Every structure is written in structure tokens, then in C-alpha cells.
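This is model37.cif. It holds mmCIF, C-alpha atoms.
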```cif
data_structure
loop_
_atom_site.group_PDB
_atom_site.id
_atom_site.type_symbol
_atom_site.label_atom_id
_atom_site.label_comp_id
_atom_site.auth_asym_id
_atom_site.auth_seq_id
_atom_site.Cartn_x
_atom_site.Cartn_y
_atom_site.Cartn_z
ATOM 1 C CA MET G 1 0.000 0.000 0.000
ATOM 2 C CA LEU G 2 1.961 2.953 -1.331
ATOM 3 C CA PRO G 3 0.662 6.435 -2.236
ATOM 4 C CA SER G 4 -1.273 6.964 -5.422
ATOM 5 C CA PHE G 5 -0.354 10.666 -5.306
ATOM 6 C CA TYR G 6 2.372 12.885 -3.881
ATOM 7 C CA CYS G 7 2.290 16.614 -3.213
ATOM 8 C CA ILE G 8 5.976 17.417 -3.557
ATOM 9 C CA GLY G 9 5.978 21.143 -2.676
ATOM 10 C CA ALA G 10 6.930 23.862 -2.719
ATOM 11 C CA PRO G 11 7.485 24.919 0.898
ATOM 12 C CA LYS G 12 5.426 27.967 1.952
ATOM 13 C CA ALA G 13 3.168 27.605 -1.078
ATOM 14 C CA GLY G 14 -0.031 26.224 0.458
ATOM 15 C CA THR G 15 0.828 22.584 1.091
ATOM 16 C CA THR G 16 -0.286 22.769 4.750
ATOM 17 C CA TRP G 17 -3.636 24.155 3.602
ATOM 18 C CA LEU G 18 -3.943 21.385 1.000
ATOM 19 C CA TYR G 19 -3.159 18.708 3.580
ATOM 20 C CA ALA G 20 -5.825 20.130 5.918
ATOM 21 C CA CYS G 21 -8.437 20.100 3.143
ATOM 22 C CA LEU G 22 -7.639 16.611 1.883
ATOM 23 C CA ALA G 23 -7.488 15.223 5.437
ATOM 24 C CA GLU G 24 -11.197 16.075 5.741
ATOM 25 C CA HIS G 25 -12.117 14.465 2.413
ATOM 26 C CA PRO G 26 -13.962 11.154 2.904
ATOM 27 C CA ASP G 27 -12.545 9.772 -0.360
ATOM 28 C CA VAL G 28 -8.881 10.425 0.511
ATOM 29 C CA PHE G 29 -6.485 8.642 2.850
ATOM 30 C CA LEU G 30 -3.529 10.544 4.322
ATOM 31 C CA PRO G 31 -1.094 9.685 7.108
ATOM 32 C CA GLU G 32 -1.900 11.365 10.410
ATOM 33 C CA PHE G 33 0.892 13.893 9.967
ATOM 34 C CA LYS G 34 2.111 16.026 7.099
ATOM 35 C CA GLU G 35 5.658 16.019 5.745
ATOM 36 C CA VAL G 36 6.564 12.391 6.187
ATOM 37 C CA ASN G 37 9.631 13.111 4.003
ATOM 38 C CA TRP G 38 10.560 9.433 3.920
ATOM 39 C CA PHE G 39 12.677 9.675 0.799
ATOM 40 C CA ARG G 40 14.880 12.690 1.501
ATOM 41 C CA GLY G 41 17.766 13.102 3.905
ATOM 42 C CA TRP G 42 18.359 16.385 5.730
ATOM 43 C CA ASP G 43 21.441 18.069 7.212
ATOM 44 C CA GLY G 44 23.742 15.420 5.769
ATOM 45 C CA ARG G 45 21.762 12.542 7.282
ATOM 46 C CA PRO G 46 20.421 9.609 5.245
ATOM 47 C CA SER G 47 16.706 9.464 4.520
ATOM 48 C CA PRO G 48 14.405 7.243 6.599
ATOM 49 C CA TYR G 49 14.055 5.089 3.471
ATOM 50 C CA ALA G 50 17.810 4.550 3.346
ATOM 51 C CA GLU G 51 17.860 3.699 7.052
ATOM 52 C CA ARG G 52 14.694 1.658 7.484
ATOM 53 C CA GLY G 53 13.463 0.627 4.055
ATOM 54 C CA LEU G 54 9.924 0.658 2.741
ATOM 55 C CA ALA G 55 7.923 -1.434 5.228
ATOM 56 C CA PRO G 56 7.479 1.256 7.936
ATOM 57 C CA TYR G 57 6.425 3.754 5.263
ATOM 58 C CA GLU G 58 3.866 1.327 3.815
ATOM 59 C CA ALA G 59 2.477 0.834 7.321
ATOM 60 C CA LEU G 60 1.445 4.500 7.365
ATOM 61 C CA PHE G 61 -1.097 3.692 4.629
ATOM 62 C CA ALA G 62 -2.274 0.349 5.990
ATOM 63 C CA GLY G 63 -5.681 1.765 6.924
ATOM 64 C CA ALA G 64 -6.550 2.793 3.370
ATOM 65 C CA ARG G 65 -8.958 0.929 1.122
ATOM 66 C CA SER G 66 -7.438 -0.534 -2.015
ATOM 67 C CA ASP G 67 -9.612 1.730 -4.196
ATOM 68 C CA GLN G 68 -8.973 4.883 -2.132
ATOM 69 C CA PRO G 69 -6.638 7.716 -3.240
ATOM 70 C CA ARG G 70 -3.662 7.633 -0.862
ATOM 71 C CA GLY G 71 -1.416 10.643 -0.542
ATOM 72 C CA ASP G 72 1.848 11.895 0.892
ATOM 73 C CA VAL G 73 2.078 15.689 1.270
ATOM 74 C CA SER G 74 5.815 16.298 1.711
ATOM 75 C CA PRO G 75 7.385 19.471 0.271
ATOM 76 C CA GLY G 76 10.788 17.855 0.880
ATOM 77 C CA LEU G 77 10.158 15.574 -2.106
ATOM 78 C CA LEU G 78 11.541 18.364 -4.291
ATOM 79 C CA GLY G 79 14.972 17.089 -3.212
ATOM 80 C CA ALA G 80 17.551 15.602 -5.550
ATOM 81 C CA GLY G 81 16.965 11.959 -6.440
ATOM 82 C CA CYS G 82 13.375 11.835 -5.163
ATOM 83 C CA ALA G 83 11.753 11.787 -8.607
ATOM 84 C CA GLU G 84 13.804 8.810 -9.729
ATOM 85 C CA LEU G 85 13.091 6.847 -6.553
ATOM 86 C CA LEU G 86 9.358 7.584 -6.502
ATOM 87 C CA HIS G 87 9.029 6.590 -10.143
ATOM 88 C CA GLU G 88 10.806 3.323 -9.435
ATOM 89 C CA LEU G 89 8.422 2.588 -6.539
ATOM 90 C CA THR G 90 5.155 4.071 -7.861
ATOM 91 C CA PRO G 91 5.411 4.745 -11.612
ATOM 92 C CA ASP G 92 1.665 5.403 -11.987
ATOM 93 C CA ALA G 93 1.399 7.965 -9.182
ATOM 94 C CA THR G 94 0.028 11.467 -9.691
ATOM 95 C CA ILE G 95 2.409 14.318 -8.813
ATOM 96 C CA ILE G 96 1.111 17.644 -7.506
ATOM 97 C CA ALA G 97 3.257 20.753 -7.093
ATOM 98 C CA ILE G 98 2.107 24.161 -5.891
ATOM 99 C CA LEU G 99 4.620 26.850 -6.803
ATOM 100 C CA ARG G 100 4.958 30.374 -5.447
ATOM 101 C CA ASP G 101 6.898 33.385 -6.703
ATOM 102 C CA PRO G 102 10.371 32.191 -5.640
ATOM 103 C CA ALA G 103 11.407 35.535 -4.121
ATOM 104 C CA GLU G 104 8.231 35.715 -2.014
ATOM 105 C CA ARG G 105 8.561 32.054 -1.079
ATOM 106 C CA ALA G 106 12.170 32.426 0.088
ATOM 107 C CA HIS G 107 11.209 35.487 2.152
ATOM 108 C CA SER G 108 8.295 33.637 3.765
ATOM 109 C CA GLN G 109 10.348 30.513 4.485
ATOM 110 C CA TYR G 110 13.213 32.467 6.025
ATOM 111 C CA HIS G 111 10.934 34.255 8.485
ATOM 112 C CA MET G 112 9.045 31.061 9.313
ATOM 113 C CA LEU G 113 12.359 29.414 10.186
ATOM 114 C CA ALA G 114 13.562 32.494 12.073
ATOM 115 C CA GLY G 115 10.518 32.187 14.314
ATOM 116 C CA ARG G 116 11.461 28.581 15.131
ATOM 117 C CA HIS G 117 15.254 28.389 15.052
ATOM 118 C CA ARG G 118 18.334 30.433 15.836
ATOM 119 C CA MET G 119 19.243 31.495 12.317
ATOM 120 C CA PRO G 120 22.964 31.891 11.587
ATOM 121 C CA PHE G 121 22.418 34.827 9.204
ATOM 122 C CA SER G 122 19.908 37.572 8.414
ATOM 123 C CA PHE G 123 17.659 37.589 5.369
ATOM 124 C CA ASP G 124 19.599 40.599 4.050
ATOM 125 C CA ALA G 125 22.800 38.577 4.330
ATOM 126 C CA LEU G 126 21.227 35.669 2.464
ATOM 127 C CA CYS G 127 20.106 37.957 -0.361
ATOM 128 C CA ALA G 128 23.534 39.610 -0.519
ATOM 129 C CA ASP G 129 25.367 36.284 -0.706
ATOM 130 C CA PRO G 130 23.096 33.574 -2.161
ATOM 131 C CA ARG G 131 25.996 31.104 -2.290
ATOM 132 C CA ARG G 132 26.504 31.073 1.474
ATOM 133 C CA GLU G 133 26.139 27.747 3.250
ATOM 134 C CA ASP G 134 22.521 27.296 4.357
ATOM 135 C CA PRO G 135 21.503 24.145 6.258
ATOM 136 C CA HIS G 136 17.832 24.941 5.585
ATOM 137 C CA GLU G 137 18.319 25.201 1.783
ATOM 138 C CA ILE G 138 16.008 28.225 1.667
ATOM 139 C CA LEU G 139 17.053 29.503 -1.748
ATOM 140 C CA LEU G 140 17.672 26.036 -3.184
ATOM 141 C CA GLU G 141 13.989 25.120 -2.704
ATOM 142 C CA GLY G 142 12.992 27.832 -5.189
ATOM 143 C CA PHE G 143 14.757 26.449 -8.276
ATOM 144 C CA TYR G 144 11.554 24.892 -9.552
ATOM 145 C CA ALA G 145 12.618 24.022 -13.103
ATOM 146 C CA ARG G 146 15.606 22.114 -11.756
ATOM 147 C CA HIS G 147 13.434 20.183 -9.291
ATOM 148 C CA LEU G 148 10.421 19.570 -11.531
ATOM 149 C CA ALA G 149 12.194 18.478 -14.707
ATOM 150 C CA PRO G 150 12.850 14.898 -13.467
ATOM 151 C CA TYR G 151 9.176 14.512 -12.507
ATOM 152 C CA LEU G 152 7.935 15.870 -15.839
ATOM 153 C CA GLU G 153 10.272 13.480 -17.665
ATOM 154 C CA ARG G 154 9.116 10.382 -15.772
ATOM 155 C CA PHE G 155 5.506 10.757 -14.651
ATOM 156 C CA ALA G 156 2.514 10.843 -16.978
ATOM 157 C CA ARG G 157 0.361 12.857 -14.542
ATOM 158 C CA VAL G 158 1.963 15.975 -13.097
ATOM 159 C CA LEU G 159 -0.302 18.813 -11.955
ATOM 160 C CA VAL G 160 1.567 22.099 -11.472
ATOM 161 C CA LEU G 161 -0.413 24.822 -9.712
ATOM 162 C CA ARG G 162 0.501 28.325 -8.601
ATOM 163 C CA PHE G 163 0.047 29.995 -5.242
ATOM 164 C CA GLU G 164 -1.670 32.887 -7.022
ATOM 165 C CA GLU G 165 -4.475 30.482 -7.973
ATOM 166 C CA LEU G 166 -4.879 29.489 -4.334
ATOM 167 C CA ARG G 167 -5.145 33.132 -3.273
ATOM 168 C CA ARG G 168 -7.644 33.853 -6.038
ATOM 169 C CA SER G 169 -9.920 30.830 -5.608
ATOM 170 C CA PRO G 170 -9.151 28.117 -3.063
ATOM 171 C CA ALA G 171 -12.242 26.148 -4.102
ATOM 172 C CA ALA G 172 -11.220 26.053 -7.773
ATOM 173 C CA LEU G 173 -7.687 24.920 -6.929
ATOM 174 C CA LEU G 174 -8.958 22.180 -4.612
ATOM 175 C CA ARG G 175 -11.344 20.947 -7.318
ATOM 176 C CA ARG G 176 -8.427 20.598 -9.741
ATOM 177 C CA VAL G 177 -6.463 18.587 -7.186
ATOM 178 C CA CYS G 178 -9.417 16.304 -6.426
ATOM 179 C CA GLU G 179 -10.027 15.670 -10.118
ATOM 180 C CA ALA G 180 -6.354 14.815 -10.600
ATOM 181 C CA ILE G 181 -6.235 12.289 -7.744
ATOM 182 C CA GLY G 182 -9.657 10.695 -8.376
ATOM 183 C CA ALA G 183 -11.588 12.155 -5.420
ATOM 184 C CA ASP G 184 -15.004 13.825 -5.447
ATOM 185 C CA PRO G 185 -14.301 17.405 -6.637
ATOM 186 C CA GLY G 186 -17.579 18.667 -5.144
ATOM 187 C CA PHE G 187 -16.527 18.137 -1.520
ATOM 188 C CA GLU G 188 -16.061 21.391 0.443
ATOM 189 C CA PRO G 189 -13.977 20.949 3.614
ATOM 190 C CA ARG G 190 -14.176 23.232 6.631
ATOM 191 C CA ALA G 191 -10.544 24.203 6.042
ATOM 192 C CA LEU G 192 -11.310 25.570 2.562
ATOM 193 C CA GLU G 193 -11.279 29.259 3.532
ATOM 194 C CA THR G 194 -9.042 28.882 6.581
ATOM 195 C CA ARG G 195 -5.600 30.485 6.742
ATOM 196 C CA VAL G 196 -3.116 27.960 8.091
ATOM 197 C CA ASN G 197 0.548 28.059 9.056
ATOM 198 C CA GLU G 198 0.511 31.836 9.493
ATOM 199 C CA ALA G 199 3.534 33.840 10.622
ATOM 200 C CA SER G 200 4.530 33.132 14.202
ATOM 201 C CA SER G 201 7.462 32.997 16.572
ATOM 202 C CA HIS G 202 8.257 30.550 19.347
ATOM 203 C CA VAL G 203 9.052 31.623 22.868
ATOM 204 C CA SER G 204 12.053 29.279 22.977
ATOM 205 C CA PRO G 205 13.685 28.192 19.696
ATOM 206 C CA ALA G 206 15.732 25.661 21.678
ATOM 207 C CA PHE G 207 12.548 24.058 23.027
ATOM 208 C CA TYR G 208 11.009 24.002 19.531
ATOM 209 C CA GLU G 209 14.092 22.299 18.132
ATOM 210 C CA LEU G 210 13.950 19.735 20.941
ATOM 211 C CA ARG G 211 10.332 18.922 20.058
ATOM 212 C CA VAL G 212 11.282 18.471 16.404
ATOM 213 C CA ARG G 213 14.196 16.177 17.283
ATOM 214 C CA VAL G 214 11.977 14.061 19.554
ATOM 215 C CA ALA G 215 9.315 13.699 16.832
ATOM 216 C CA GLU G 216 11.922 12.817 14.209
ATOM 217 C CA GLY G 217 13.561 10.360 16.599
ATOM 218 C CA LEU G 218 10.283 8.545 17.222
ATOM 219 C CA ALA G 219 9.605 8.342 13.485
ATOM 220 C CA ARG G 220 13.095 7.123 12.619
ATOM 221 C CA ALA G 221 13.023 4.563 15.445
ATOM 222 C CA GLY G 222 9.829 3.035 14.092
ATOM 223 C CA LEU G 223 7.741 4.286 17.024
ATOM 224 C CA ASP G 224 4.999 5.749 14.850
ATOM 225 C CA ARG G 225 2.276 4.375 17.111
ATOM 226 C CA THR G 226 3.838 6.142 20.074
ATOM 227 C CA ARG G 227 4.046 9.365 18.082
ATOM 228 C CA ARG G 228 0.387 9.117 17.090
ATOM 229 C CA ALA G 229 -0.682 8.257 20.646
ATOM 230 C CA ILE G 230 1.099 11.347 21.983
ATOM 231 C CA LYS G 231 -0.555 13.478 19.324
ATOM 232 C CA ARG G 232 -4.018 12.160 20.245
ATOM 233 C CA THR G 233 -3.575 13.254 23.868
ATOM 234 C CA GLY G 234 -3.674 16.859 22.709
ATOM 235 C CA LEU G 235 -0.422 17.627 24.549
ATOM 236 C CA PRO G 236 1.510 18.793 21.452
ATOM 237 C CA ARG G 237 -1.315 21.182 20.559
ATOM 238 C CA LEU G 238 -1.382 22.541 24.120
ATOM 239 C CA VAL G 239 2.378 23.090 24.095
ATOM 240 C CA GLU G 240 2.056 24.810 20.720
ATOM 241 C CA ARG G 241 -0.540 27.230 22.083
ATOM 242 C CA ILE G 242 1.631 28.064 25.102
ATOM 243 C CA THR G 243 4.930 28.510 23.254
ATOM 244 C CA ARG G 244 3.811 29.986 19.912
ATOM 245 C CA ARG G 245 3.027 33.666 19.333
ATOM 246 C CA PRO G 246 1.478 35.182 16.188
ATOM 247 C CA THR G 247 3.701 37.718 14.503
ATOM 248 C CA ARG G 248 3.987 39.678 11.280
ATOM 249 C CA ASN G 249 6.803 39.258 8.806
ATOM 250 C CA PRO G 250 8.696 42.380 7.749
ATOM 251 C CA PRO G 251 8.005 43.309 4.130
ATOM 252 C CA LEU G 252 10.183 42.093 1.283
ATOM 253 C CA THR G 253 12.094 45.230 0.308
ATOM 254 C CA PRO G 254 12.618 46.257 -3.331
ATOM 255 C CA GLU G 255 16.376 45.711 -2.899
ATOM 256 C CA GLN G 256 15.896 42.200 -1.538
ATOM 257 C CA ARG G 257 13.438 41.319 -4.304
ATOM 258 C CA ALA G 258 15.763 42.628 -7.026
ATOM 259 C CA ARG G 259 18.602 40.442 -5.740
ATOM 260 C CA LEU G 260 16.386 37.344 -5.551
ATOM 261 C CA VAL G 261 14.862 37.938 -8.985
ATOM 262 C CA ALA G 262 18.404 37.948 -10.366
ATOM 263 C CA VAL G 263 19.148 34.676 -8.533
ATOM 264 C CA TYR G 264 16.080 32.935 -9.946
ATOM 265 C CA ALA G 265 15.687 34.557 -13.386
ATOM 266 C CA GLU G 266 17.366 31.802 -15.405
ATOM 267 C CA ASP G 267 15.425 29.069 -13.611
ATOM 268 C CA VAL G 268 12.103 30.919 -14.040
ATOM 269 C CA ARG G 269 12.737 31.149 -17.789
ATOM 270 C CA ALA G 270 13.542 27.438 -17.860
ATOM 271 C CA LEU G 271 10.309 26.750 -15.975
ATOM 272 C CA ALA G 272 8.351 28.775 -18.542
ATOM 273 C CA ALA G 273 9.874 26.602 -21.288
ATOM 274 C CA LEU G 274 8.869 23.423 -19.416
ATOM 275 C CA LEU G 275 5.316 24.717 -18.835
ATOM 276 C CA PRO G 276 4.561 26.995 -21.813
ATOM 277 C CA GLU G 277 0.833 27.075 -21.012
ATOM 278 C CA GLN G 278 1.547 28.980 -17.777
ATOM 279 C CA ASP G 279 2.615 32.613 -17.344
ATOM 280 C CA PHE G 280 5.515 33.191 -14.965
ATOM 281 C CA GLN G 281 6.416 36.654 -16.248
ATOM 282 C CA GLY G 282 5.359 38.336 -13.007
ATOM 283 C CA TRP G 283 8.027 36.390 -11.123
ATOM 284 C CA LEU G 284 10.694 38.216 -13.145
ATOM 285 C CA ALA G 285 9.486 41.678 -12.094
ATOM 286 C CA ALA G 286 12.004 43.282 -9.718
#
```

Could you render the structure from this file as C-alpha cells?
Amino acid sequence: MLPSFYCIGAPKAGTTWLYACLAEHPDVFLPEFKEVNWFRGWDGRPSPYAERGLAPYEALFAGARSDQPRGDVSPGLLGAGCAELLHELTPDATIIAILRDPAERAHSQYHMLAGRHRMPFSFDALCADPRREDPHEILLEGFYARHLAPYLERFARVLVLRFEELRRSPAALLRRVCEAIGADPGFEPRALETRVNEASSHVSPAFYELRVRVAEGLARAGLDRTRRAIKRTGLPRLVERITRRPTRNPPLTPEQRARLVAVYAEDVRALAALLPEQDFQGWLAA
């Protein structure tokens, strides 16, 4: 029992919203948590797949019916080598990607991370020196043509959407996704008009990082039942409410945008060549 569809990204482009909507859909089966990221290693570590194989991943979908769309919403699947591996395992899967203006996306991701971690550099510094070492791969995530090309070459069904469409009409975008994965497109979830994953900061970045390491450790150790049992107690949600504070991101300045547009311009043009039916001209405006 492997996924029949994957939402591969991009980060900060509406994937949390999509997961929330599809999790309500009676036709769709999803794991109990988003961003399984089973097939991508982070921070120089091997992926869970490399460490533990396929069986624990398949177990996440054991509750699905054989005729039910099964999905993995993991923006990390934009990583190198993921397309080749997923095609080897599930050649008939549907691929969904939601893309956002790469300059806006990088700005949003940086400030999300800054609210959770002790960042080693400012956003200005990142814009001034895009080649600097970045363990979070903030700018790397935005090279969409580079990441999508292997999927477009291998998979027959790849649905590429834009964040602008989500802002304009969430219902229309969700209908397109449901049609692509074989779910009832007329279903309207409660999360349809809800803003999720909004800007916030954490009272203690060190405590947030500890929570993340514990959750990852449970997953990598094969203690998924323990992880789910803890989640059902409501304790993680309570801790989140106590330690998380809503905030507002500073605006993306014209200087920052101009630098990022220059970083991404070649890739945006390559993306337009891969997807000639879509208009990405606005992403080149400094």
C-alpha cells in the first residue's frame, strides 16, 4: 500500500492548507501527519528510506482501502533523487506541485524558520550572498525548473499549480487537485477558507528544536504508534498554544526582491519553457 499521489511542494506555497483540506475528504487517505519526508535526507543525514526501508512507510497507509486515493504531502520531495526513486516505486502515481513566486517564497520561508530556530544569518545577508552555506536550503527550494524536470520526464500525470491560484480561488484549486487524484471534486472541507501556518514565533527556539528532534527520533526509530498516541492526547497542541506567538513578517524590500529575482531569473525562464501554457512573467518583475 503505497501512495497513489504525492504533493511534492513547494514549501510555503499552500501545502499545509492542502493537507488540511484533503485530510477532511472522505474519499482520501492521508497519514496522520504532514511532511513524512521518507525519501529525503536532511542536514547530511540519510533518509528514513535509506535507514529503514519501505515497510514502515507502507504501514502509514495500511488503513486505506485498495480503491482509495492515498497521498503523501511532503514538500521535501523536491529534493535531488526523489523523482527517480518515486518513479521506481510508484510509476503510476500522480504528482502535484504548488509553486509560489520564488522571491516571495524564500522570504516567507526564512521568516518562518527564524521564528522557530536560531538562524545563523539575516535575510539581508542571504540575499547579498546567495551562495553562502545554508543548512535549511532556503534559496535552493525555489529552483523549480531544476526540481520539476525529473518529474515531468518520468511521470505521466503531473499537476503544477501556482500559489496565485490558491489566493484567487481556493475552491477552484482544490477541485483541480481532487479531479487529478480521483476524489469527489464537489466536496467542500471546513478548512477551505481557513488560513493555516501563518507567521509566528516561538518563545524558545531551543525548546522548539527539541520537540522536532523528539518527533523525528520517534519516526526514525519506528515508534509511529507512540508518536500518534502522543498526538491524540492533545499535549503537542497545548504546548504549541503556550509557546507559539502570532507575529507579522517584515516586508520584502525592493532591494531584496531585485537580488532574488536575479538569482532565480534563469530558472524561471527554464520553468516557462517546461510549462509553456503557464505565465511566470510576473516572477521576473524586480

For the file shown, what are the residues hit by the PyMOL selection byres ((chain G and resi 95) around 9), laid out as a PyMOL selection string?
chain G and resi 4-8+93-94+96-97+151+155-160+180-181

Go ahead and save the picked residues with C-alpha atoms, as a PDB file, in the coordinates of the input.
```pdb
ATOM      1  CA  SER G   4      -1.273   6.964  -5.422  1.00  0.00           C
ATOM      2  CA  PHE G   5      -0.354  10.666  -5.306  1.00  0.00           C
ATOM      3  CA  TYR G   6       2.372  12.885  -3.881  1.00  0.00           C
ATOM      4  CA  CYS G   7       2.290  16.614  -3.213  1.00  0.00           C
ATOM      5  CA  ILE G   8       5.976  17.417  -3.557  1.00  0.00           C
ATOM      6  CA  ALA G  93       1.399   7.965  -9.182  1.00  0.00           C
ATOM      7  CA  THR G  94       0.028  11.467  -9.691  1.00  0.00           C
ATOM      8  CA  ILE G  96       1.111  17.644  -7.506  1.00  0.00           C
ATOM      9  CA  ALA G  97       3.257  20.753  -7.093  1.00  0.00           C
ATOM     10  CA  TYR G 151       9.176  14.512 -12.507  1.00  0.00           C
ATOM     11  CA  PHE G 155       5.506  10.757 -14.651  1.00  0.00           C
ATOM     12  CA  ALA G 156       2.514  10.843 -16.978  1.00  0.00           C
ATOM     13  CA  ARG G 157       0.361  12.857 -14.542  1.00  0.00           C
ATOM     14  CA  VAL G 158       1.963  15.975 -13.097  1.00  0.00           C
ATOM     15  CA  LEU G 159      -0.302  18.813 -11.955  1.00  0.00           C
ATOM     16  CA  VAL G 160       1.567  22.099 -11.472  1.00  0.00           C
ATOM     17  CA  ALA G 180      -6.354  14.815 -10.600  1.00  0.00           C
ATOM     18  CA  ILE G 181      -6.235  12.289  -7.744  1.00  0.00           C
TER      19      ILE G 181
END
```

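Considering the residues G:His87, G:His111, G:Gly76, G:Met1 and counting only C-alpha atoms, Phe61 of chain G has its shortest atom-to-atom contact with G:Met1.
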
Do you know which residues the PyMOL selection byres ((chain G and resi 251) around 12) returns on this file, as an MDAnalysis selection string?
chainID G and resid 103:104 107:108 111 123:124 248:250 252:257

Need to verify the contact set: Gln109 of chain G, 10 Å, only C-alpha atoms, exclusion of same-chain residues closer than 3 positions in sequence. Can you return it as a ChimeraX atom specification?
/G:11-13,104-106,112-115,136-139,141,199

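Using all atoms listed in the file, the shortest contact distance between Glu188 of chain G and any of G:Ala50, G:Leu22, G:Ala10, G:Ala272 is found at G:Leu22.
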
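Here atom CA of Thr15 of chain G stands at a distance of 19.6 Å from atom CA of Arg237 of chain G.
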
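Run against this file, the PyMOL selection byres ((chain G and resi 72) around 9) gives back G:Pro3, G:Ser4, G:Phe5, G:Tyr6, G:Cys7, G:Ile8, G:Tyr19, G:Leu30, G:Pro31, G:Lys34, G:Glu35, G:Val36, G:Asn37, G:Arg70, G:Gly71, G:Val73, G:Ser74.
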